[in-house]
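The next block is upload_6.cif, given as mmCIF, C-alpha atoms and all ligand atoms.
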data_structure
#
loop_
_atom_site.label_atom_id
_atom_site.label_comp_id
_atom_site.auth_asym_id
_atom_site.auth_seq_id
_atom_site.Cartn_x
_atom_site.Cartn_y
_atom_site.Cartn_z
CA MET A 177 -32.69 -162.12 -47.28
CA LYS A 178 -36.41 -161.80 -47.81
CA TYR A 179 -38.49 -162.27 -44.67
CA ALA A 180 -41.77 -161.47 -46.38
CA GLU A 181 -42.15 -164.88 -47.97
CA TYR A 182 -42.37 -166.41 -44.47
CA LEU A 183 -44.84 -163.86 -43.11
CA ARG A 184 -48.60 -163.48 -43.49
CA GLN A 185 -48.87 -160.02 -44.93
CA ASP A 186 -52.51 -159.64 -43.93
CA ALA A 187 -51.58 -160.19 -40.25
CA LEU A 188 -49.07 -157.32 -40.22
CA PRO A 189 -48.24 -155.05 -38.52
CA THR A 190 -47.82 -157.18 -35.41
CA LEU A 191 -49.61 -156.28 -32.20
CA TRP A 192 -46.28 -156.35 -30.33
CA CYS A 193 -45.35 -153.12 -28.55
CA PRO A 194 -42.71 -150.87 -30.15
CA GLY A 195 -39.27 -152.25 -29.27
CA CYS A 196 -40.55 -155.71 -28.33
CA LEU A 197 -37.82 -158.27 -28.93
CA ASN A 198 -40.25 -160.93 -30.12
CA GLY A 199 -39.64 -159.59 -33.62
CA VAL A 200 -35.93 -160.37 -33.26
CA VAL A 201 -36.78 -163.96 -32.33
CA LEU A 202 -39.21 -164.22 -35.25
CA ALA A 203 -36.54 -162.99 -37.69
CA SER A 204 -33.93 -165.37 -36.20
CA PHE A 205 -36.35 -168.24 -36.63
CA ILE A 206 -36.97 -167.37 -40.28
CA ARG A 207 -33.21 -167.27 -40.93
CA ALA A 208 -32.85 -170.63 -39.14
CA MET A 209 -35.61 -172.12 -41.30
CA ARG A 210 -33.63 -171.06 -44.35
CA LYS A 211 -30.37 -172.36 -42.90
CA SER A 212 -31.71 -175.77 -41.91
CA LYS A 213 -33.27 -176.17 -45.39
CA ILE A 214 -36.16 -178.11 -43.87
CA ASP A 215 -39.18 -178.63 -46.02
CA ARG A 216 -41.58 -175.80 -45.35
CA GLU A 217 -44.50 -177.94 -46.47
CA ARG A 218 -43.70 -180.44 -43.72
CA THR A 219 -43.28 -177.89 -40.93
CA VAL A 220 -45.88 -177.07 -38.30
CA VAL A 221 -45.58 -174.20 -35.82
CA VAL A 222 -47.59 -174.47 -32.63
CA SER A 223 -47.95 -171.72 -30.04
CA GLY A 224 -49.90 -171.01 -26.89
CA ILE A 225 -51.38 -167.76 -25.62
CA GLY A 226 -49.46 -164.61 -24.69
CA CYS A 227 -47.39 -162.13 -26.68
CA SER A 228 -44.98 -164.90 -27.77
CA GLY A 229 -47.97 -167.05 -28.69
CA ARG A 230 -48.62 -164.67 -31.59
CA MET A 231 -45.79 -166.27 -33.60
CA SER A 232 -48.30 -168.66 -35.13
CA GLN A 233 -50.32 -165.77 -36.52
CA TYR A 234 -47.42 -164.08 -38.27
CA LEU A 235 -45.60 -167.08 -39.74
CA ASP A 236 -46.91 -168.18 -43.11
CA LEU A 237 -46.44 -171.89 -42.41
CA PHE A 238 -48.84 -174.54 -41.19
CA THR A 239 -49.65 -173.19 -37.75
CA VAL A 240 -51.84 -173.97 -34.77
CA HIS A 241 -52.67 -171.38 -32.12
CA THR A 242 -53.58 -173.33 -29.01
CA THR A 243 -54.65 -172.62 -25.43
CA HIS A 244 -52.42 -171.13 -22.74
CA GLY A 245 -49.95 -173.71 -21.40
CA ARG A 246 -51.10 -176.45 -23.73
CA ALA A 247 -48.95 -175.89 -26.81
CA LEU A 248 -46.76 -178.91 -26.05
CA ALA A 249 -49.78 -181.15 -25.54
CA PHE A 250 -51.16 -180.20 -28.98
CA ALA A 251 -47.70 -180.51 -30.54
CA THR A 252 -47.24 -183.96 -29.03
CA GLY A 253 -50.46 -185.12 -30.68
CA ILE A 254 -49.47 -183.67 -34.06
CA LYS A 255 -46.00 -185.23 -33.98
CA LEU A 256 -47.17 -188.62 -32.76
CA ALA A 257 -49.89 -188.80 -35.43
CA ASN A 258 -47.43 -187.87 -38.19
CA PRO A 259 -43.78 -188.24 -37.12
CA SER A 260 -42.52 -187.08 -40.53
CA LEU A 261 -43.53 -183.49 -39.68
CA ASN A 262 -41.10 -180.96 -38.17
CA VAL A 263 -42.96 -179.49 -35.24
CA ILE A 264 -41.75 -176.25 -33.65
CA VAL A 265 -43.38 -174.87 -30.52
CA PHE A 266 -43.19 -171.23 -29.40
CA MET A 267 -44.01 -170.48 -25.78
CA GLY A 268 -43.60 -167.65 -23.32
CA ASP A 269 -41.94 -168.35 -20.00
CA GLY A 270 -45.31 -168.23 -18.23
CA ASP A 271 -46.86 -170.43 -20.90
CA ALA A 272 -44.06 -173.03 -20.70
CA LEU A 273 -43.25 -173.04 -17.00
CA ALA A 274 -46.31 -171.79 -15.10
CA ILE A 275 -49.57 -173.05 -16.56
CA GLY A 276 -47.75 -175.42 -18.95
CA GLY A 277 -45.05 -176.53 -16.50
CA ASN A 278 -46.41 -180.02 -16.22
CA HIS A 279 -46.50 -180.55 -19.99
CA PHE A 280 -43.00 -179.14 -20.21
CA ILE A 281 -41.34 -181.59 -17.83
CA HIS A 282 -43.14 -184.56 -19.34
CA ALA A 283 -42.18 -183.60 -22.89
CA CYS A 284 -38.56 -183.49 -21.67
CA ARG A 285 -38.92 -186.87 -19.99
CA ARG A 286 -40.39 -188.51 -23.12
CA ASN A 287 -37.78 -187.08 -25.46
CA ILE A 288 -40.36 -186.48 -28.18
CA ASP A 289 -38.88 -184.92 -31.32
CA LEU A 290 -40.18 -181.36 -30.96
CA THR A 291 -38.30 -178.06 -30.93
CA ALA A 292 -39.49 -175.84 -28.08
CA ILE A 293 -38.46 -172.17 -28.26
CA VAL A 294 -39.23 -170.47 -24.97
CA ILE A 295 -39.18 -166.69 -25.09
CA ASN A 296 -38.27 -165.61 -21.59
CA ASN A 297 -39.14 -161.97 -20.90
CA ARG A 298 -39.21 -162.84 -17.18
CA LEU A 299 -42.87 -161.86 -16.69
CA TYR A 300 -46.37 -162.27 -18.09
CA GLY A 301 -46.34 -159.76 -20.91
CA MET A 302 -49.80 -159.95 -22.41
CA THR A 303 -51.77 -159.76 -19.17
CA GLY A 304 -50.00 -156.75 -17.67
CA GLY A 305 -46.55 -157.65 -16.35
CA GLN A 306 -47.21 -160.05 -13.48
CA ALA A 307 -44.40 -162.13 -11.94
CA ALA A 308 -43.63 -165.47 -13.61
CA PRO A 309 -41.67 -168.56 -12.46
CA THR A 310 -38.63 -167.00 -14.18
CA THR A 311 -38.81 -163.57 -12.53
CA PRO A 312 -35.50 -163.02 -10.70
CA GLU A 313 -35.58 -162.61 -6.93
CA GLY A 314 -36.03 -158.98 -5.93
CA GLU A 315 -37.44 -157.87 -9.32
CA ILE A 316 -40.33 -155.41 -9.22
CA THR A 317 -43.35 -156.49 -11.25
CA ARG A 318 -47.05 -155.71 -11.21
CA THR A 319 -47.63 -158.49 -8.66
CA SER A 320 -44.37 -158.05 -6.75
CA PRO A 321 -44.28 -154.31 -6.04
CA TYR A 322 -41.81 -154.80 -3.15
CA GLY A 323 -39.58 -157.18 -5.12
CA ASN A 324 -40.17 -160.81 -6.04
CA VAL A 325 -39.63 -163.14 -3.07
CA GLU A 326 -39.77 -166.40 -5.02
CA ARG A 327 -36.76 -168.26 -6.31
CA PRO A 328 -36.89 -168.51 -10.13
CA PHE A 329 -36.47 -171.62 -12.26
CA ASP A 330 -33.36 -171.87 -14.38
CA LEU A 331 -35.05 -173.13 -17.55
CA VAL A 332 -31.88 -174.80 -18.82
CA LYS A 333 -31.28 -176.74 -15.62
CA LEU A 334 -34.93 -177.72 -15.40
CA ALA A 335 -34.95 -179.04 -18.98
CA ILE A 336 -31.72 -180.99 -18.53
CA SER A 337 -32.90 -182.51 -15.23
CA ALA A 338 -36.22 -183.55 -16.75
CA GLY A 339 -34.50 -185.30 -19.69
CA ALA A 340 -34.48 -182.99 -22.74
CA THR A 341 -31.70 -184.04 -25.11
CA TYR A 342 -30.85 -180.66 -26.70
CA VAL A 343 -30.79 -177.69 -24.34
CA ALA A 344 -29.50 -174.19 -25.11
CA ARG A 345 -29.89 -170.63 -23.93
CA PHE A 346 -29.24 -167.51 -25.98
CA THR A 347 -30.59 -163.96 -25.91
CA ALA A 348 -32.22 -161.61 -28.38
CA TYR A 349 -28.88 -159.80 -28.57
CA HIS A 350 -26.87 -162.90 -29.57
CA VAL A 351 -28.83 -163.50 -32.78
CA ARG A 352 -26.19 -165.27 -34.87
CA TRP A 353 -25.71 -167.93 -32.20
CA LEU A 354 -29.44 -168.05 -31.69
CA GLU A 355 -30.30 -168.72 -35.32
CA LYS A 356 -27.59 -171.38 -35.59
CA SER A 357 -28.91 -173.05 -32.45
CA ILE A 358 -32.51 -173.01 -33.73
CA ALA A 359 -31.32 -174.67 -36.98
CA ASP A 360 -29.37 -177.30 -34.97
CA ALA A 361 -32.33 -177.92 -32.69
CA ILE A 362 -34.70 -178.46 -35.62
CA MET A 363 -32.30 -181.07 -37.03
CA HIS A 364 -31.80 -182.73 -33.63
CA LYS A 365 -33.82 -185.92 -33.16
CA GLY A 366 -35.37 -185.60 -29.71
CA PHE A 367 -36.83 -182.95 -27.46
CA SER A 368 -34.97 -179.67 -27.98
CA VAL A 369 -35.35 -176.65 -25.75
CA ILE A 370 -33.97 -173.22 -26.57
CA GLU A 371 -34.48 -170.49 -24.02
CA VAL A 372 -34.30 -167.03 -25.58
CA VAL A 373 -33.88 -164.34 -22.95
CA THR A 374 -35.55 -161.10 -23.99
CA GLY A 375 -37.22 -158.39 -21.92
CA CYS A 376 -40.36 -156.31 -21.99
CA PRO A 377 -39.87 -152.57 -22.59
CA THR A 378 -43.51 -151.84 -21.75
CA HIS A 379 -43.82 -153.57 -18.39
CA GLN A 380 -40.21 -153.34 -17.27
CA LYS A 381 -40.34 -149.67 -18.25
CA LYS A 382 -36.99 -149.85 -19.99
CA LYS A 383 -35.81 -148.54 -23.31
CA PRO A 384 -35.37 -151.35 -25.86
CA ALA A 385 -31.74 -150.26 -26.37
CA ASP A 386 -31.11 -150.58 -22.62
CA ILE A 387 -32.54 -154.09 -22.63
CA LEU A 388 -30.22 -155.05 -25.49
CA GLU A 389 -27.28 -153.46 -23.64
CA PHE A 390 -28.22 -155.47 -20.54
CA LEU A 391 -28.34 -158.72 -22.52
CA LYS A 392 -25.04 -157.91 -24.22
CA SER A 393 -23.12 -157.09 -21.07
CA ASN A 394 -24.59 -159.63 -18.65
CA PHE A 395 -24.87 -162.84 -20.67
CA LYS A 396 -21.66 -164.71 -21.43
CA ARG A 397 -20.94 -167.73 -23.58
CA SER A 398 -20.14 -170.75 -21.46
CA ASP A 399 -19.62 -174.48 -21.65
CA ALA A 400 -20.20 -174.99 -17.94
CA SER A 401 -21.09 -178.41 -16.62
CA PHE A 402 -24.57 -178.90 -15.16
CA GLU A 403 -23.62 -177.96 -11.57
CA GLU A 404 -21.85 -174.83 -12.69
CA ILE A 405 -24.44 -173.36 -15.10
CA ARG A 406 -25.45 -169.86 -14.01
CA PRO A 407 -28.60 -168.03 -15.18
CA SER A 408 -26.40 -165.59 -17.12
CA ASP A 409 -24.59 -168.35 -19.06
CA ILE A 410 -25.49 -168.81 -22.70
CA GLY A 411 -24.56 -171.65 -25.03
CA VAL A 412 -25.53 -175.20 -25.87
CA PHE A 413 -25.48 -177.10 -22.59
CA LYS A 414 -26.72 -180.50 -23.68
CA LYS A 415 -26.71 -182.48 -26.91
CA GLU A 416 -27.35 -186.17 -26.54
CA ILE A 417 -28.83 -188.96 -28.64
CA ARG A 418 -31.41 -191.03 -26.77
CA PRO A 419 -34.30 -193.14 -28.15
CA GLU A 420 -37.08 -190.87 -29.36
CA PHE A 421 -40.70 -191.21 -28.22
CA CYS A 422 -42.53 -191.52 -31.59
CA GLU A 423 -40.05 -194.10 -32.86
CA LYS A 424 -40.60 -196.15 -29.72
CA VAL A 425 -44.39 -195.93 -29.93
CA TRP A 426 -44.63 -196.57 -33.68
CA GLY A 427 -42.05 -199.35 -33.31
CA LEU A 428 -44.56 -201.19 -31.13
CA ILE A 429 -47.36 -200.78 -33.66
CA LEU A 430 -45.71 -201.39 -37.05
C1 LIG B 501 -56.01 -171.05 -18.93
C2 LIG B 501 -55.60 -169.59 -19.01
N1 LIG B 501 -55.11 -168.99 -17.90
C3 LIG B 501 -54.73 -167.70 -17.98
C4 LIG B 501 -54.87 -167.00 -19.14
C5 LIG B 501 -54.51 -165.55 -19.17
N2 LIG B 501 -53.24 -165.30 -19.82
C6 LIG B 501 -53.17 -164.98 -21.13
S1 LIG B 501 -51.62 -164.62 -21.60
C7 LIG B 501 -51.04 -164.88 -20.03
C8 LIG B 501 -49.60 -164.67 -19.66
C9 LIG B 501 -48.65 -164.90 -20.76
O1 LIG B 501 -47.34 -164.81 -20.26
P1 LIG B 501 -46.15 -165.55 -20.97
O2 LIG B 501 -46.52 -166.97 -21.26
O3 LIG B 501 -44.92 -165.35 -20.16
O4 LIG B 501 -46.06 -164.85 -22.39
P2 LIG B 501 -45.77 -163.34 -22.82
O5 LIG B 501 -47.12 -162.67 -22.96
O6 LIG B 501 -44.92 -162.73 -21.75
O7 LIG B 501 -45.08 -163.48 -24.12
C10 LIG B 501 -52.05 -165.26 -19.17
C11 LIG B 501 -51.88 -165.53 -17.73
C12 LIG B 501 -55.38 -167.67 -20.28
N3 LIG B 501 -55.49 -167.05 -21.46
N4 LIG B 501 -55.75 -168.97 -20.17
#

The structure given in the file should be rewritten as structure tokens.
Amino acid sequence: MKYAEYLRQDALPTLWCPGCLNGVVLASFIRAMRKSKIDRERTVVVSGIGCSGRMSQYLDLFTVHTTHGRALAFATGIKLANPSLNVIVFMGDGDALAIGGNHFIHACRRNIDLTAIVINNRLYGMTGGQAAPTTPEGEITRTSPYGNVERPFDLVKLAISAGATYVARFTAYHVRWLEKSIADAIMHKGFSVIEVVTGCPTHQKKKPADILEFLKSNFKRSDASFEEIRPSDIGVFKKEIRPEFCEKVWGLIL
């Protein structure tokens, strides 16, 4: 499988730190693009700011690099103006749930046909490893040197509660399931959210292999019901057909 045809050669090598798992997500996405056989010429990738926001620089597709927390707002405009486009949004956990938290819940509520891939390294990577809304309780970060005292969001439960119609969680270790889920989510008509749990070797001061080992041994496939979903469960937790936002809006106009 040739990845090069999906990458901008002049943007390489990436600025990601050695061992960063963002590259694993990028490769899984490229395989999913192939698998879903969607038209590359009708695909737009939108990203915000942060390490994960760099996806739009490396992918040789139509891309838009937007402001921090606002990727979904830009993507909503693109999709609504031209609903025939496939619009995929990459965000970090801080991007999606801290500064962009408001856009996130409203995109879920509207059920607009976007695919949101949220790379959850459980901190703010690009700005130095500060705590994020996904940082587990007790975790040491740059801004929680005595352990994080805040309760984290479970991204999957948040997305389901707010109304997203396709919701999944996988990790950068479980790449075959991840790429299949990305392909499914792209084909799903409605707002799709895939959380990809990763890690940050630089700020968590862990070896990349230890992060992969952690993901492998702690995250387990599950088909738990909403009440029973635990943060370490991976799988597809919601898949539902509900009227889609652009169809409703354009239905009023045409
Ligand atoms: C409006 C605004 N606020 C803050 C920042 C600074 N900033 C840039 S990246 C970032 C954190 C990114 O964290 P996350 O979204 O989790 O992505 P990661 O870098 O971990 O992939 C912040 C706070 C900014 N660029 N713009």

Within 6 Å of segment 275-286 of chain A using only C-alpha atoms, minus same-chain residues under 3 positions, as a list in words: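 Final neighbour list, sorted by chain and number: Gly245, Arg246, Asp271, Ala272, Ala338, Gly339, Ala340 and Phe421 of chain A.
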
Chain A near ligand LIG 501 (chain B) within 9 Å: what's each residue's closest atom pair and its distance in Å to one decimal, counting all atoms listed in the file, ordered by chain then ascending residue number, as CSV?
residue,atom,partner,partner_atom,distance
A:Asn198,CA,B:LIG501,O7,8.1
A:Gly224,CA,B:LIG501,O2,7.7
A:Ile225,CA,B:LIG501,S1,5.1
A:Gly226,CA,B:LIG501,O5,3.5
A:Cys227,CA,B:LIG501,O7,3.7
A:Ser228,CA,B:LIG501,O7,3.9
A:Gly229,CA,B:LIG501,O7,6.5
A:Arg230,CA,B:LIG501,O7,8.4
A:Thr243,CA,B:LIG501,N4,6.5
A:His244,CA,B:LIG501,N4,4.7
A:Gly245,CA,B:LIG501,C1,7.1
A:Arg246,CA,B:LIG501,C1,8.7
A:Met267,CA,B:LIG501,O2,6.2
A:Gly268,CA,B:LIG501,O2,3.6
A:Asp269,CA,B:LIG501,O3,4.2
A:Gly270,CA,B:LIG501,O3,3.5
A:Asp271,CA,B:LIG501,O2,3.5
A:Ala272,CA,B:LIG501,O2,6.6
A:Leu273,CA,B:LIG501,O2,8.1
A:Ala274,CA,B:LIG501,O2,7.8
A:Ile275,CA,B:LIG501,N1,7.0
A:Gly276,CA,B:LIG501,O2,8.8
A:Val294,CA,B:LIG501,O2,8.9
A:Ile295,CA,B:LIG501,O7,6.8
A:Asn296,CA,B:LIG501,O3,6.8
A:Asn297,CA,B:LIG501,O6,5.9
A:Arg298,CA,B:LIG501,O3,6.9
A:Leu299,CA,B:LIG501,O3,5.3
A:Tyr300,CA,B:LIG501,O1,3.5
A:Gly301,CA,B:LIG501,O6,3.4
A:Met302,CA,B:LIG501,O5,3.9
A:Thr303,CA,B:LIG501,C7,5.2
A:Gly304,CA,B:LIG501,C8,8.2
A:Gly305,CA,B:LIG501,O6,7.6
A:Gln306,CA,B:LIG501,C8,8.1
A:Ala307,CA,B:LIG501,O3,8.8
A:Ala308,CA,B:LIG501,O3,6.7
A:Pro309,CA,B:LIG501,O3,9.0
A:Thr310,CA,B:LIG501,O3,8.8
A:Gly375,CA,B:LIG501,O6,8.8
A:Cys376,CA,B:LIG501,O6,7.9

Option closest in space to Val372 of chain A, from A:Arg345, A:Arg218, A:Arg397, A:His350 [counting all atoms listed in the file]: A:Arg345

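For the pair atom CA of Ala335 of chain A and atom CA of Asp215 of chain A, the interatomic distance is 27.4 Å.
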
Nearest to Glu404 of chain A, chosen from A:Ala187, A:Val332, A:Val343, A:Val425, with all atoms listed in the file counted in the distances: A:Val332

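In this model, the gap between atom CA of Pro407 of chain A and atom CA of Asp330 of chain A comes to 6.2 Å.
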